[in-house]
Structures are given as structure tokens and as C-alpha cells.
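Undergrad: One structure, pasted below without further comment.
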Amino acid sequence: MRPRLKTCKQVAALLIAREDRALSLPDRVVVQLHLWACDACPGFERQLLLMRNAMKQWRNYTTNDEK
Amino acid sequence: MAECDAAGDLSTDTLASTPLNKPMTTTAQQIADHRDYLMKFARLQLRNPSWAEDAVSETMLAALSKPQAFESRAQLKTWLVGILKHKVVDILRLAGREVATGGNDPDANEDPLENIAFQADGHFVEKPAEWGNPEQDLNQRQFFEVLEVCMEQLPGPQARLFLMREWLELDCEEICKELKLTSTNLYVQLHRARLRMRECLELKWFGSPKSA
């Protein structure tokens with residue numbers, strides 16, 4: 001067990017999982033620590049957040065595109 | 001069930017005799033005008049032409065059986081989409097496990113994270129691109145069209161589960177219960193769907209950083 005260190009690939013998998021389920025506390029801590037230290041993963045996180053936001057807007061748009 | 005019976009004789013007496021602000025035929029016509037619009041989302045979510053037909057037909061029947069006067073076209077549309085979502089959930093529930101299977105899963109033997117280049121030590125080969133803000137400087141309607149194309153390109157089971165989350169707004173627990181899926185199975189499929197969506201958007205909208 002090396003809960004402290006995760007690779008970008010493992011963190012990317014957790015960031016995706018976070019869209020559908022709550023992460024455990026240790027996972028949340030590990031992800032946050034990684035995001036602070038990493039150069040690349042925050043960009044991946046921003047992409048996922050943008051997708052989350054885009055899907056939300058699309059959902060509203062499907063309900064009513066004539067606003 | 002009673003709803004369906006009531007809808008059965010609509011075309012004859014009810015149409016002529018329903019007291020409404022507007023003549024019933026107008027309302028019926030207005031509802032019918034939205035058929036294509038409803039079909040689009042039914043197809044996207046169900047990925048099965050006959051299920052989609054059923055969902056939309058039942059939606060129209062339900063709408064016709066309790067017609068309401070709306071001030072605007074937009075309100076009518078919102079109401080119809082709301083009914084459609086309920087009908088779609090009924091069909092998905094009936095189909096059960098079938099929703100999450102069927103067809104061959106192109107991702108079955110592959111971790112879709114492999115499509116993003118990682119070094120042997122697990123680092124990104126290239127930094128994920130900055131996607132910017134599509135609402136701000138770009139045509140939102142066009143962006144939604146690309147989003148829909150990307151959803152259409154998902155394998156059927158992934159698309160259904162992804163849209164159950166993103167369009168029907170069901171939580172994972174409900175989805176597992178209704179479809180008799182294990183949460184592991186659901187999470188794996190959603191994970192694949194989200195990665196495919198990311199890849200598709202990068203390719204079709206944000207421009208591939210690989211070619212840069």
C-alpha cells in the first residue's frame with residue numbers, strides 16, 4: 001500500500017470516477033495533494049469540469065431550446 | 001393503464017368535445033409538431049428505434065389525454081420532454097439488464113485510459129489541452145450539436161447509461177437497482193463513456209493537441 005503516491009493515470013481515473021460517485025476521504029486527499037503538485041492533472045480536471053458544465057447546459061437546452 | 005384507455009378513444013369524441021381555451025385540434029397539432037424533436041432525444045437515450053417509437057407514441061398519447069393550454073410553445077415543449085423522460089424510464093426499467101448489454105463492447109478488452117498517452121511511470125506524455133470556454137466565444141448551439149454527435153458515437157450500452165446519468169439525472173444507485181446491475185459494472189461503463197466523450201470533444205471541437 002502506497003496511499004501517498006499516485007500516478008497521473010491513477011489520479012485521472014479517480015477524477016473520472018468522481019463524476020459518478022463520492023470518493024473516499026483518503027482518495028480525496030490524495031487527489032488534492034496530487035493536483036497541487038502536478039503540472040498536467042489540473043488541466044485534465046478542468047476538462048472534466050467543463051464537460052460537467054456542458055452536459056448540464058445541454059440538459060437544460062433539451063428541455064427547452066426556445067428561450 | 002387507465003391513462004392509456006382514456007387515450008384510446010381520443011381521436012373520435014374527445015377531440016371534438018374537450019372544452020379548452022383553444023380548439024383541441026390546435027393543441028393536438030401543436031403536440032404533433034414536436035414529434036421529431038422528441039424522437040431525437042428518445043433515440044439518443046434508448047439507442048433502439050422501436051423503443052424510441054414506443055416512448056414517443058406513449059408520450060403523445062399521454063399528452064393528448066390530458067391536454068393543457070400553454071402560453072408558449074416553449075412551455076409545451078418543456079412539458080412534453082418531461083412526459084417523455086418518464087416514458088423512457090419505464091421502457092428502460094422494462095428492458096432491465098438488456099440496457100447495459102447488447103452489441104459488442106469495443107472497450108471490453110481495453111482500458112480506455114490507454115487512449116490518453118501516459119508514460120511508463122504514469123505521467124501524461126502531453127499536458128491536457130486548455131479547452132477554454134465554449135459558451136463564451138463560440139456558438140453554443142453548434143457546440144451542443146457536436147456534443148450530440150459524440151453521444152451518438154458512443155457504443156449503445158455506454159450511451160444509455162451515460163444519458164441516464166446526464167439526461168435523466170438518475171443517481172447510480174437508482175440505475176443499478178432498475179437495471180439490476182452491479183455498481184462496478186455501471187462505474188466501468190460510465191468511466192469508458194466519459195473518456196470517449198472527452199476524446200471526441202477534443203477531436204471534434206477543441207482540436208486535437210496531438211496534431212499540434
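Each chain in the C-alpha cells gets a letter, A, B, ..., in the order shown, and its residues are numbered from 1; ligands are numbered from 1 in order too.
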Could you pull the residues within 10 Å of Val30 of chain A, counting only C-alpha atoms, minus those fewer than 2 positions along the same chain, as a ChimeraX atom specification?
TA: /A:3-6,11,14,24-28,32-35
Undergrad: Write out as a tab-separated table the residues of chain A that have any atom within 6 Å of an atom of chain B, one row each with the nearest atom pair and its distance in Å to one decimal, counting only C-alpha atoms, sorted by chain and then rising number.
TA:
residue	atom	partner	partner_atom	distance
A:Thr7	CA	B:Gly122	CA	4.9
A:Cys8	CA	B:His123	CA	5.0
A:Lys9	CA	B:Gly122	CA	5.2
A:Ala40	CA	B:Lys127	CA	4.8
A:Gly43	CA	B:Pro128	CA	5.4
A:Phe44	CA	B:Pro128	CA	5.5
A:Arg59	CA	B:Trp167	CA	5.8
A:Thr63	CA	B:Thr78	CA	5.1
A:Asn64	CA	B:Thr78	CA	5.6
A:Glu66	CA	B:Ala74	CA	5.6
Undergrad: Would you please give, as number ranges by chain, all residues of segment 28-66 of chain A that DSSP assigns to helix (DSSP H, G or I) based on the backbone?
TA: A: 28-37, 41-63
Undergrad: Out of A:Asp65, A:Cys41, A:Val31, A:Leu49, which residue has the shortest atom-to-atom distance to Glu19 of chain A when counting only C-alpha atoms?
TA: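 Nearest candidate to Glu19 of chain A out of A:Asp65, A:Cys41, A:Val31, A:Leu49: A:Leu49.
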Undergrad: Between A:Met55, A:Glu45, A:Tyr61, A:Leu50, which one has atoms that come closest to Ala17 of chain A, using only C-alpha atoms?
TA: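 Among the listed residues, A:Glu45 lies closest to Ala17 of chain A.
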Undergrad: Would you work out the distance separating atom CA of Asn185 of chain B from atom CA of Ala100 of chain B, expressed in Å to one decimal?
TA: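 Pair atom CA of Asn185 of chain B / atom CA of Ala100 of chain B returns 8.9 Å.
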Undergrad: Mind giving me the straight-line distance from atom CA of Arg196 of chain B to atom CA of Asp54 of chain B in Å, one decimal?
TA: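 Computing the Euclidean distance for atom CA of Arg196 of chain B and atom CA of Asp54 of chain B yields 28.7 Å.
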Undergrad: Between B:Met39, B:Ile91, B:Glu152, B:Ile31, single out the one closest to Ala63 of chain B, counting only C-alpha atoms.
TA: B:Ile31
Undergrad: So what do you get for atom CA of Asp111 of chain B versus atom CA of Ala95 of chain B, distance-wise?
TA: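 These two atoms are separated by 27.4 Å.
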